[in-house]
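Chemist: Next comes the structure file input33.tsv, holding TSV, C-alpha atoms (C1' of nucleotides).
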```tsv
chain	number	residue	atom	x	y	z
N	1	MET	CA	-8.22	-15.38	18.11
N	2	LEU	CA	-11.64	-14.31	19.25
N	3	PHE	CA	-10.41	-11.18	20.95
N	4	ALA	CA	-8.71	-9.98	17.85
N	5	ARG	CA	-11.74	-10.50	15.66
N	6	THR	CA	-14.12	-8.93	18.16
N	7	PHE	CA	-11.89	-5.96	18.68
N	8	ARG	CA	-11.50	-5.54	14.98
N	9	ALA	CA	-15.22	-5.87	14.30
N	10	MET	CA	-16.07	-3.26	16.89
N	11	THR	CA	-13.46	-0.71	15.87
N	12	ASP	CA	-14.41	-1.19	12.23
N	13	ARG	CA	-17.99	-0.35	13.06
N	14	PHE	CA	-16.91	2.57	15.12
N	15	HIS	CA	-14.94	4.13	12.30
N	16	GLU	CA	-17.62	3.29	9.81
N	17	ARG	CA	-20.16	5.34	11.71
N	18	LEU	CA	-17.63	8.01	12.40
N	19	ALA	CA	-16.98	8.30	8.69
N	20	ASP	CA	-20.69	8.74	8.08
N	21	ARG	CA	-20.80	11.83	10.18
N	22	ASP	CA	-17.34	13.21	10.42
N	23	LEU	CA	-15.24	15.48	8.33
N	24	GLU	CA	-11.52	15.17	9.01
N	25	PRO	CA	-9.89	11.80	8.55
N	26	LEU	CA	-9.49	11.02	12.24
N	27	ARG	CA	-7.61	7.79	12.65
N	28	PRO	CA	-7.79	5.22	15.47
N	29	ALA	CA	-4.68	6.53	17.20
N	30	HIS	CA	-6.15	9.99	17.56
N	31	GLY	CA	-8.69	8.79	20.10
N	32	TYR	CA	-5.96	8.19	22.65
N	33	VAL	CA	-4.58	11.65	22.10
N	34	PHE	CA	-7.96	13.23	22.74
N	35	ARG	CA	-8.54	11.28	25.89
N	36	TYR	CA	-5.11	12.06	27.24
N	37	LEU	CA	-5.33	15.78	26.56
N	38	ALA	CA	-8.75	15.95	28.15
N	39	ALA	CA	-7.41	14.28	31.29
N	40	GLN	CA	-4.06	16.10	31.57
N	41	PRO	CA	-4.26	19.85	31.57
N	42	SER	CA	-1.22	21.62	30.14
N	43	ALA	CA	0.31	18.40	28.84
N	44	THR	CA	3.25	18.89	26.46
N	45	ALA	CA	4.14	17.05	23.29
N	46	VAL	CA	6.82	15.14	25.18
N	47	ASP	CA	4.30	14.04	27.83
N	48	LEU	CA	2.04	12.84	25.08
N	49	ALA	CA	4.85	10.94	23.40
N	50	ALA	CA	5.63	9.15	26.65
N	51	HIS	CA	1.97	8.29	27.14
N	52	LEU	CA	1.58	6.91	23.63
N	53	GLY	CA	4.92	5.13	23.70
N	54	VAL	CA	6.25	6.80	20.56
N	55	SER	CA	9.08	9.25	19.86
N	56	LYS	CA	8.53	12.91	20.58
N	57	GLN	CA	8.86	13.67	16.88
N	58	ALA	CA	6.00	11.34	16.02
N	59	ALA	CA	3.84	12.87	18.75
N	60	THR	CA	4.64	16.38	17.50
N	61	LYS	CA	3.65	15.42	13.99
N	62	THR	CA	0.28	14.07	15.15
N	63	VAL	CA	-0.34	17.17	17.24
N	64	ALA	CA	0.41	19.41	14.28
N	65	GLU	CA	-2.24	17.62	12.29
N	66	LEU	CA	-4.83	18.00	15.02
N	67	VAL	CA	-3.98	21.67	15.38
N	68	ASP	CA	-4.42	22.15	11.64
N	69	TRP	CA	-7.83	20.53	11.83
N	70	GLY	CA	-8.84	22.69	14.76
N	71	TYR	CA	-9.18	20.02	17.45
N	72	VAL	CA	-6.20	21.08	19.54
N	73	ARG	CA	-4.75	24.45	20.56
N	74	ARG	CA	-1.15	25.24	21.52
N	75	THR	CA	-0.78	27.77	24.31
N	76	PRO	CA	2.34	28.98	26.14
N	77	HIS	CA	3.22	26.66	28.97
N	78	PRO	CA	2.51	28.22	32.38
N	79	THR	CA	5.88	27.40	33.93
N	80	ASP	CA	8.29	26.40	31.14
N	81	ARG	CA	9.00	28.89	28.39
N	82	ARG	CA	10.41	26.24	26.06
N	83	ALA	CA	7.23	24.17	26.15
N	84	GLN	CA	3.73	24.50	24.73
N	85	ALA	CA	0.69	23.38	26.66
N	86	LEU	CA	-1.78	21.38	24.59
N	87	THR	CA	-5.51	21.66	25.16
N	88	LEU	CA	-8.61	20.54	23.31
N	89	THR	CA	-10.60	23.20	21.53
N	90	GLY	CA	-14.39	23.23	21.70
N	91	LYS	CA	-14.40	21.16	18.53
N	92	GLY	CA	-12.06	18.67	20.19
N	93	GLN	CA	-14.31	18.36	23.21
N	94	ASP	CA	-17.36	17.91	21.01
N	95	TYR	CA	-15.63	15.12	19.20
N	96	LEU	CA	-14.74	13.38	22.42
N	97	ARG	CA	-18.32	13.52	23.64
N	98	PHE	CA	-19.51	12.18	20.33
N	99	ALA	CA	-17.00	9.33	20.40
N	100	ASP	CA	-18.05	8.36	23.90
N	101	ALA	CA	-21.69	8.28	22.84
N	102	LEU	CA	-20.77	6.11	19.89
N	103	TRP	CA	-18.88	3.65	22.03
N	104	SER	CA	-21.72	3.22	24.45
N	105	GLU	CA	-24.04	2.75	21.50
N	106	LEU	CA	-21.85	-0.09	20.30
N	107	GLU	CA	-21.71	-1.52	23.77
N	108	ASP	CA	-25.50	-1.45	24.01
N	109	GLU	CA	-25.70	-3.34	20.76
N	110	PHE	CA	-23.24	-5.85	22.09
N	111	ALA	CA	-25.34	-6.23	25.22
N	112	SER	CA	-28.52	-6.69	23.22
N	113	VAL	CA	-26.92	-9.50	21.22
N	114	VAL	CA	-25.23	-11.42	24.01
N	115	GLY	CA	-27.37	-10.32	26.96
N	116	ALA	CA	-26.57	-7.96	29.79
N	117	GLU	CA	-25.60	-10.70	32.25
N	118	ARG	CA	-23.04	-12.20	29.91
N	119	LEU	CA	-21.64	-8.77	29.21
N	120	ALA	CA	-21.20	-8.21	32.94
N	121	VAL	CA	-19.38	-11.53	33.34
N	122	LEU	CA	-17.22	-10.73	30.35
N	123	ARG	CA	-16.30	-7.30	31.59
N	124	GLU	CA	-15.37	-8.65	34.96
N	125	ALA	CA	-13.28	-11.45	33.46
N	126	LEU	CA	-11.27	-9.10	31.29
N	127	GLN	CA	-10.66	-6.71	34.14
N	128	THR	CA	-9.49	-9.55	36.33
N	129	TYR	CA	-7.11	-10.75	33.68
N	130	LEU	CA	-5.70	-7.32	32.97
N	131	ALA	CA	-5.19	-6.63	36.65
N	132	ALA	CA	-3.26	-9.87	36.98
N	133	ALA	CA	-1.22	-9.19	33.87
N	134	ASP	CA	-0.30	-5.70	35.03
N	135	ALA	CA	0.65	-6.96	38.45
N	136	GLU	CA	3.16	-9.27	36.85
N	137	GLY	CA	4.90	-6.28	35.38
N	138	ILE	CA	3.86	-6.70	31.80
N	139	ARG	CA	4.25	-3.34	30.18
N	140	PRO	CA	1.18	-1.12	30.24
N	141	VAL	CA	-0.86	-0.54	27.10
N	142	TRP	CA	-0.64	2.98	25.67
A	1	MET	CA	-11.67	-0.37	25.55
A	2	LEU	CA	-11.28	-3.62	27.41
A	3	PHE	CA	-11.07	-5.72	24.29
A	4	ALA	CA	-8.30	-3.67	22.89
A	5	ARG	CA	-6.24	-3.85	26.03
A	6	THR	CA	-6.81	-7.55	26.51
A	7	PHE	CA	-5.98	-8.32	22.93
A	8	ARG	CA	-2.87	-6.20	23.16
A	9	ALA	CA	-1.78	-7.73	26.45
A	10	MET	CA	-2.12	-11.25	25.09
A	11	THR	CA	-0.37	-10.65	21.81
A	12	ASP	CA	2.41	-8.80	23.60
A	13	ARG	CA	2.97	-11.81	25.79
A	14	PHE	CA	2.83	-14.09	22.84
A	15	HIS	CA	5.57	-12.26	21.00
A	16	GLU	CA	7.58	-11.85	24.14
A	17	ARG	CA	7.77	-15.59	24.59
A	18	LEU	CA	8.29	-16.09	20.91
A	19	ALA	CA	11.27	-13.74	21.02
A	20	ASP	CA	12.75	-15.76	23.86
A	21	ARG	CA	12.95	-18.82	21.73
A	22	ASP	CA	12.87	-17.77	18.16
A	23	LEU	CA	15.40	-16.63	15.62
A	24	GLU	CA	13.92	-14.74	12.74
A	25	PRO	CA	11.97	-11.58	13.43
A	26	LEU	CA	8.55	-13.06	12.77
A	27	ARG	CA	5.91	-10.37	13.05
A	28	PRO	CA	2.26	-10.65	14.06
A	29	ALA	CA	0.98	-10.63	10.48
A	30	HIS	CA	3.07	-13.68	9.60
A	31	GLY	CA	0.90	-15.91	11.75
A	32	TYR	CA	-2.02	-15.51	9.38
A	33	VAL	CA	0.16	-16.39	6.43
A	34	PHE	CA	1.29	-19.61	8.05
A	35	ARG	CA	-2.20	-20.65	8.97
A	36	TYR	CA	-3.50	-19.95	5.50
A	37	LEU	CA	-0.72	-21.79	3.70
A	38	ALA	CA	-1.16	-24.79	5.96
A	39	ALA	CA	-4.87	-24.90	5.17
A	40	GLN	CA	-4.72	-24.19	1.42
A	41	PRO	CA	-2.46	-26.47	-0.56
A	42	SER	CA	-0.92	-24.88	-3.66
A	43	ALA	CA	-2.14	-21.40	-2.77
A	44	THR	CA	-0.62	-18.62	-4.85
A	45	ALA	CA	0.56	-15.18	-3.82
A	46	VAL	CA	-2.61	-13.67	-5.25
A	47	ASP	CA	-4.78	-16.05	-3.22
A	48	LEU	CA	-2.88	-15.04	-0.13
A	49	ALA	CA	-3.30	-11.36	-0.91
A	50	ALA	CA	-7.05	-11.80	-1.21
A	51	HIS	CA	-7.12	-13.69	2.07
A	52	LEU	CA	-5.14	-11.07	3.93
A	53	GLY	CA	-6.96	-8.19	2.30
A	54	VAL	CA	-3.80	-6.51	0.97
A	55	SER	CA	-2.43	-5.88	-2.50
A	56	LYS	CA	-0.72	-8.70	-4.32
A	57	GLN	CA	2.55	-6.75	-4.22
A	58	ALA	CA	2.44	-6.59	-0.45
A	59	ALA	CA	1.70	-10.28	-0.22
A	60	THR	CA	4.55	-11.10	-2.61
A	61	LYS	CA	6.95	-9.08	-0.50
A	62	THR	CA	5.96	-10.92	2.68
A	63	VAL	CA	6.28	-14.27	0.94
A	64	ALA	CA	9.77	-13.37	-0.29
A	65	GLU	CA	10.83	-12.71	3.28
A	66	LEU	CA	9.45	-16.02	4.53
A	67	VAL	CA	11.15	-17.84	1.68
A	68	ASP	CA	14.47	-16.19	2.57
A	69	TRP	CA	14.10	-17.32	6.13
A	70	GLY	CA	13.27	-20.86	5.08
A	71	TYR	CA	9.68	-21.08	6.30
A	72	VAL	CA	8.04	-21.23	2.89
A	73	ARG	CA	8.92	-22.90	-0.41
A	74	ARG	CA	7.90	-21.86	-3.91
A	75	THR	CA	7.14	-24.71	-6.26
A	76	PRO	CA	5.80	-24.70	-9.81
A	77	HIS	CA	2.04	-24.53	-9.80
A	78	PRO	CA	0.45	-27.82	-10.89
A	79	THR	CA	-1.95	-26.31	-13.44
A	80	ASP	CA	-0.85	-22.72	-14.14
A	81	ARG	CA	2.61	-22.09	-15.51
A	82	ARG	CA	2.54	-18.40	-14.57
A	83	ALA	CA	1.90	-19.09	-10.94
A	84	GLN	CA	3.91	-20.51	-8.05
A	85	ALA	CA	2.40	-22.74	-5.44
A	86	LEU	CA	3.37	-21.83	-1.89
A	87	THR	CA	3.87	-24.45	0.78
A	88	LEU	CA	5.28	-24.50	4.29
A	89	THR	CA	8.67	-26.12	4.74
A	90	GLY	CA	9.33	-28.42	7.70
A	91	LYS	CA	10.59	-25.37	9.55
A	92	GLY	CA	7.35	-23.59	8.80
A	93	GLN	CA	5.28	-26.45	10.08
A	94	ASP	CA	7.36	-26.66	13.23
A	95	TYR	CA	6.76	-22.99	13.85
A	96	LEU	CA	3.03	-23.37	13.42
A	97	ARG	CA	2.91	-26.21	15.92
A	98	PHE	CA	4.95	-24.17	18.36
A	99	ALA	CA	2.70	-21.14	17.97
A	100	ASP	CA	-0.40	-23.22	18.57
A	101	ALA	CA	1.11	-24.61	21.75
A	102	LEU	CA	1.97	-21.11	22.89
A	103	TRP	CA	-1.55	-19.85	22.31
A	104	SER	CA	-3.12	-22.65	24.28
A	105	GLU	CA	-0.61	-21.97	27.04
A	106	LEU	CA	-1.79	-18.36	27.16
A	107	GLU	CA	-5.38	-19.47	27.11
A	108	ASP	CA	-4.75	-21.80	30.02
A	109	GLU	CA	-3.26	-18.93	31.95
A	110	PHE	CA	-6.27	-16.84	31.13
A	111	ALA	CA	-8.53	-19.62	32.37
A	112	SER	CA	-6.58	-20.03	35.57
A	113	VAL	CA	-6.96	-16.33	36.33
A	114	VAL	CA	-10.61	-15.86	35.49
A	115	GLY	CA	-11.89	-19.41	35.90
A	116	ALA	CA	-12.88	-21.96	33.30
A	117	GLU	CA	-16.62	-21.24	33.56
A	118	ARG	CA	-16.16	-17.56	32.91
A	119	LEU	CA	-13.90	-18.33	29.97
A	120	ALA	CA	-16.63	-20.54	28.53
A	121	VAL	CA	-19.23	-17.79	28.89
A	122	LEU	CA	-16.86	-15.29	27.36
A	123	ARG	CA	-16.04	-17.46	24.40
A	124	GLU	CA	-19.68	-18.07	23.74
A	125	ALA	CA	-20.56	-14.38	24.02
A	126	LEU	CA	-17.88	-13.35	21.55
A	127	GLN	CA	-18.90	-16.01	19.09
A	128	THR	CA	-22.51	-14.92	19.32
A	129	TYR	CA	-21.58	-11.33	18.71
A	130	LEU	CA	-19.34	-12.11	15.78
A	131	ALA	CA	-21.95	-14.33	14.18
A	132	ALA	CA	-24.48	-11.49	14.44
A	133	ALA	CA	-22.03	-8.94	13.09
A	134	ASP	CA	-21.13	-11.12	10.12
A	135	ALA	CA	-24.75	-11.79	9.37
A	136	GLU	CA	-25.34	-8.07	9.07
A	137	GLY	CA	-22.85	-7.94	6.27
A	138	ILE	CA	-20.03	-6.30	8.12
A	139	ARG	CA	-16.89	-7.12	6.24
A	140	PRO	CA	-14.99	-10.21	7.37
A	141	VAL	CA	-11.77	-9.91	9.31
A	142	TRP	CA	-8.59	-10.85	7.35
Q	1	DC	C1'	27.22	30.64	37.04
Q	2	DA	C1'	28.67	26.96	34.15
Q	3	DA	C1'	27.58	22.23	33.00
Q	4	DA	C1'	24.21	19.02	32.19
Q	5	DC	C1'	19.74	18.33	30.88
Q	6	DT	C1'	15.22	18.85	28.31
Q	7	DG	C1'	11.18	20.69	24.95
Q	8	DG	C1'	10.64	21.37	20.29
Q	9	DT	C1'	12.08	21.61	15.39
Q	10	DC	C1'	14.42	20.13	11.15
Q	11	DA	C1'	16.21	16.59	8.23
Q	12	DA	C1'	17.39	12.04	6.65
Q	13	DC	C1'	15.90	7.50	6.74
Q	14	DC	C1'	13.07	3.06	7.16
Q	15	DA	C1'	9.20	-0.41	6.92
Q	16	DA	C1'	5.06	-1.76	5.13
Q	17	DG	C1'	1.96	-0.72	2.52
Q	18	DT	C1'	-0.09	1.61	-1.97
Q	19	DT	C1'	-0.90	2.37	-7.32
Q	20	DG	C1'	0.76	1.89	-12.06
Q	21	DT	C1'	3.06	-0.52	-15.73
Q	22	DC	C1'	4.84	-4.46	-17.92
Q	23	DT	C1'	5.64	-9.46	-19.53
Q	24	DA	C1'	4.36	-14.07	-20.02
Q	25	DG	C1'	0.92	-17.49	-19.63
Q	26	DT	C1'	-4.28	-18.65	-19.63
Q	27	DT	C1'	-9.09	-18.56	-20.97
Q	28	DG	C1'	-13.40	-17.62	-23.46
Q	29	DC	C1'	-15.76	-17.17	-27.50
Q	30	DA	C1'	-16.98	-15.90	-32.62
C	1	DT	C1'	-8.84	-22.43	-33.71
C	2	DG	C1'	-7.10	-18.06	-33.17
C	3	DC	C1'	-7.43	-13.69	-31.15
C	4	DA	C1'	-9.03	-10.55	-27.43
C	5	DA	C1'	-9.51	-10.14	-22.75
C	6	DC	C1'	-7.85	-11.52	-18.57
C	7	DT	C1'	-4.50	-12.75	-14.76
C	8	DA	C1'	0.10	-14.19	-11.90
C	9	DG	C1'	3.89	-12.12	-10.75
C	10	DA	C1'	8.03	-8.64	-11.09
C	11	DC	C1'	9.70	-3.94	-11.02
C	12	DA	C1'	9.41	0.94	-9.88
C	13	DA	C1'	7.78	5.22	-7.82
C	14	DC	C1'	5.20	7.00	-4.12
C	15	DT	C1'	2.69	7.47	0.68
C	16	DT	C1'	2.20	6.94	5.58
C	17	DG	C1'	3.52	6.64	10.10
C	18	DG	C1'	6.91	5.92	12.36
C	19	DT	C1'	12.37	6.06	13.50
C	20	DT	C1'	17.23	8.19	14.87
C	21	DG	C1'	20.42	12.17	14.95
C	22	DA	C1'	21.70	16.96	15.33
C	23	DC	C1'	20.62	21.21	17.02
C	24	DC	C1'	18.82	25.57	19.52
C	25	DA	C1'	16.83	27.84	23.26
C	26	DG	C1'	15.36	27.62	27.85
C	27	DT	C1'	15.78	25.12	32.59
C	28	DT	C1'	17.89	22.88	36.52
C	29	DT	C1'	21.56	21.74	39.53
C	30	DG	C1'	26.28	21.35	41.88
```
With the file now loaded, output its structure as structure tokens.
Modeler:
Amino acid sequence: MLFARTFRAMTDRFHERLADRDLEPLRPAHGYVFRYLAAQPSATAVDLAAHLGVSKQAATKTVAELVDWGYVRRTPHPTDRRAQALTLTGKGQDYLRFADALWSELEDEFASVVGAERLAVLREALQTYLAAADAEGIRPVW
Amino acid sequence: MLFARTFRAMTDRFHERLADRDLEPLRPAHGYVFRYLAAQPSATAVDLAAHLGVSKQAATKTVAELVDWGYVRRTPHPTDRRAQALTLTGKGQDYLRFADALWSELEDEFASVVGAERLAVLREALQTYLAAADAEGIRPVW
DNA sequence: CAAACTGGTCAACCAAGTTGTCTAGTTGCA
DNA sequence: TGCAACTAGACAACTTGGTTGACCAGTTTG
């Protein structure tokens, strides 16, 4: 399985470099949380759970961790007094920017090994496949 | 992350189709066990653990499951009386053949969506990248 | 305005891994 | 050749990242 090995090789490198620079033990799954919270203002723990495809309890646990580490802040929800709106702190936003930079670094390295044209073909092929797969009603990823 | 999503989409489909036909709850990790045992006659649990990159206890546990389900057989090791040689039963071999057929089915579908030429380029690009990554001493996958 | 529903928390549990300890068999070397 | 060091595998206790179930307080709806 070439995809598996490539994916694995890239994420391994990503976390390797992350570990060089970073402090808290951020795990792969956290990336999706960050991205979601950045995109969805005043998201709740339940929203996040639905997005990640896990139980609300699991999502809450992850959020608690990120709050402890200072990446996420809980604020009163604007319209629902039961709920808490989750937002990234400055530290959280910094991390996200850093992660994005790291990914594009890895992508550049990929391009320099296989060539920019091949990368373009590859990107297009994967997008085509995913579009087709989604259209067939295969469940979405994350 | 296109790789991640593609990888996920394909393995999801794989296990979906597997579930249609299959009986025991074979999980993704089991595939690697089967392939290794088929390739390495009289492998031991410790060998398997090293191959998978997990502790020997974890490997032993997985093997016990596969033995219970009738995919793997434990026989006395030819040269070491402490050890047990692990081999696939007929059922195990059947499963491996079936899984291979399923993968090439998925690959054919991939090719029919993105085109055979693009698939060829893609395959080559990934292999190039992985070769480069390995050469740099990044740890091997599984 | 009461019934049904929903966000969040607490608690018990589970699956898949970990480390540590032990026994029995194997190997290397003085 | 015999003993010390090593190793395959079993057993047990623990960790991690998830699960389901019960519950309370606040929200929505007929």
Chemist: Using all atoms listed in the file, select each residue of chain N with any atom at most 12 Å away from an atom of chain C, and give the selection as a list in words.
Modeler: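 The complete set of qualifying residues is Arg27, Ala29, Gly53, Val54, Ser55, Lys56, Gln57, Ala58, Ala59, Thr60, Lys61, Thr62, Thr79, Asp80, Arg81, Arg82 and Ala83 of chain N.
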Chemist: What is the distance, in Å and to one decimal place, between atom CA of A:His51 and atom CA of A:Tyr32?
Modeler: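 Separating atom CA of A:His51 from atom CA of A:Tyr32 is a distance of 9.1 Å.
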Chemist: Tell me which protein, DNA and RNA residues are within 6 Å of N:Val72, counting all atoms listed in the file, leaving out same-chain ones fewer than 2 positions away, and put them as a PyMOL selection string.
Modeler: chain N and resi 66-67+70+87-89
Chemist: In Å, how far is it from atom CA of N:Leu130 to atom CA of A:Ser104?
Modeler: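 Between atom CA of N:Leu130 and atom CA of A:Ser104 the gap works out to 17.8 Å.
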Chemist: Got a sec to pull out which chain Q residues are within 9 Å of chain N, counting all atoms listed in the file, and send them as a JSON list (two decimals) with C-alpha atoms (C1' of nucleotides), in the frame of the given file?
Modeler:
```
[["chain", "number", "residue", "atom", "x", "y", "z"],
["Q", 7, "DG", "C1'", 11.18, 20.69, 24.95],
["Q", 8, "DG", "C1'", 10.64, 21.37, 20.29],
["Q", 9, "DT", "C1'", 12.08, 21.61, 15.39]]
```
Chemist: Between chain N and chain A, at 12 Å or less, what are the per-residue closest atom pairs and their distances in Å? Count all atoms listed in the file, order by chain and rising residue number, and return it as a Markdown table.
Modeler:
```
| residue | atom | partner | partner_atom | distance |
| --- | --- | --- | --- | --- |
| N:Met1 | CA | A:Phe7 | CA | 8.8 |
| N:Leu2 | CA | A:Leu126 | CA | 6.7 |
| N:Phe3 | CA | A:Phe7 | CA | 5.6 |
| N:Ala4 | CA | A:Phe7 | CA | 6.0 |
| N:Arg5 | CA | A:Val141 | CA | 6.4 |
| N:Thr6 | CA | A:Leu130 | CA | 6.6 |
| N:Phe7 | CA | A:Phe3 | CA | 5.7 |
| N:Arg8 | CA | A:Val141 | CA | 7.2 |
| N:Ala9 | CA | A:Val141 | CA | 7.3 |
| N:Met10 | CA | A:Ala133 | CA | 9.1 |
| N:Thr11 | CA | A:Ala4 | CA | 9.2 |
| N:Asp12 | CA | A:Ile138 | CA | 8.6 |
| N:Arg13 | CA | A:Ile138 | CA | 8.0 |
| N:Phe14 | CA | A:Ile138 | CA | 11.7 |
| N:Glu16 | CA | A:Ile138 | CA | 10.0 |
| N:Pro28 | CA | A:Ala4 | CA | 11.6 |
| N:Gly31 | CA | A:Met1 | CA | 11.1 |
| N:Tyr32 | CA | A:Met1 | CA | 10.7 |
| N:Asp100 | CA | A:Met1 | CA | 10.9 |
| N:Trp103 | CA | A:Met1 | CA | 9.0 |
| N:Ser104 | CA | A:Met1 | CA | 10.7 |
| N:Leu106 | CA | A:Tyr129 | CA | 11.4 |
| N:Glu107 | CA | A:Met1 | CA | 10.3 |
| N:Asp108 | CA | A:Tyr129 | CA | 11.9 |
| N:Glu109 | CA | A:Tyr129 | CA | 9.2 |
| N:Phe110 | CA | A:Tyr129 | CA | 6.6 |
| N:Ala111 | CA | A:Tyr129 | CA | 9.1 |
| N:Ser112 | CA | A:Tyr129 | CA | 9.5 |
| N:Val113 | CA | A:Tyr129 | CA | 6.2 |
| N:Val114 | CA | A:Ala125 | CA | 5.5 |
| N:Gly115 | CA | A:Ala125 | CA | 8.5 |
| N:Ala116 | CA | A:Ala125 | CA | 10.5 |
| N:Glu117 | CA | A:Val121 | CA | 10.1 |
| N:Arg118 | CA | A:Ala125 | CA | 6.8 |
| N:Leu119 | CA | A:Ala125 | CA | 7.7 |
| N:Ala120 | CA | A:Leu122 | CA | 10.0 |
| N:Val121 | CA | A:Arg118 | CA | 6.8 |
| N:Leu122 | CA | A:Leu122 | CA | 5.5 |
| N:Arg123 | CA | A:Leu2 | CA | 7.5 |
| N:Glu124 | CA | A:Val114 | CA | 8.7 |
| N:Ala125 | CA | A:Val114 | CA | 5.5 |
| N:Leu126 | CA | A:Leu2 | CA | 6.7 |
| N:Gln127 | CA | A:Leu2 | CA | 7.4 |
| N:Thr128 | CA | A:Val114 | CA | 6.5 |
| N:Tyr129 | CA | A:Val113 | CA | 6.2 |
| N:Leu130 | CA | A:Thr6 | CA | 6.6 |
| N:Ala131 | CA | A:Val113 | CA | 9.9 |
| N:Ala132 | CA | A:Val113 | CA | 7.5 |
| N:Ala133 | CA | A:Ala9 | CA | 7.6 |
| N:Asp134 | CA | A:Ala9 | CA | 8.9 |
| N:Glu136 | CA | A:Arg13 | CA | 11.3 |
| N:Gly137 | CA | A:Arg13 | CA | 11.2 |
| N:Ile138 | CA | A:Ala9 | CA | 7.8 |
| N:Arg139 | CA | A:Ala9 | CA | 8.3 |
| N:Pro140 | CA | A:Ala9 | CA | 8.2 |
| N:Val141 | CA | A:Arg5 | CA | 6.4 |
| N:Trp142 | CA | A:Arg5 | CA | 8.8 |
```
Chemist: Atom CA of A:Lys91 to atom CA of A:Tyr36: how many Å, to one decimal?
Modeler: 15.6 Å
Chemist: Which one of N:Leu37, N:Arg74, N:Ser42, N:His15 sits closest to N:Gly92 if you count all atoms listed in the file?
Modeler: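 Counting all atoms listed in the file, the residue closest to N:Gly92 is N:Leu37.
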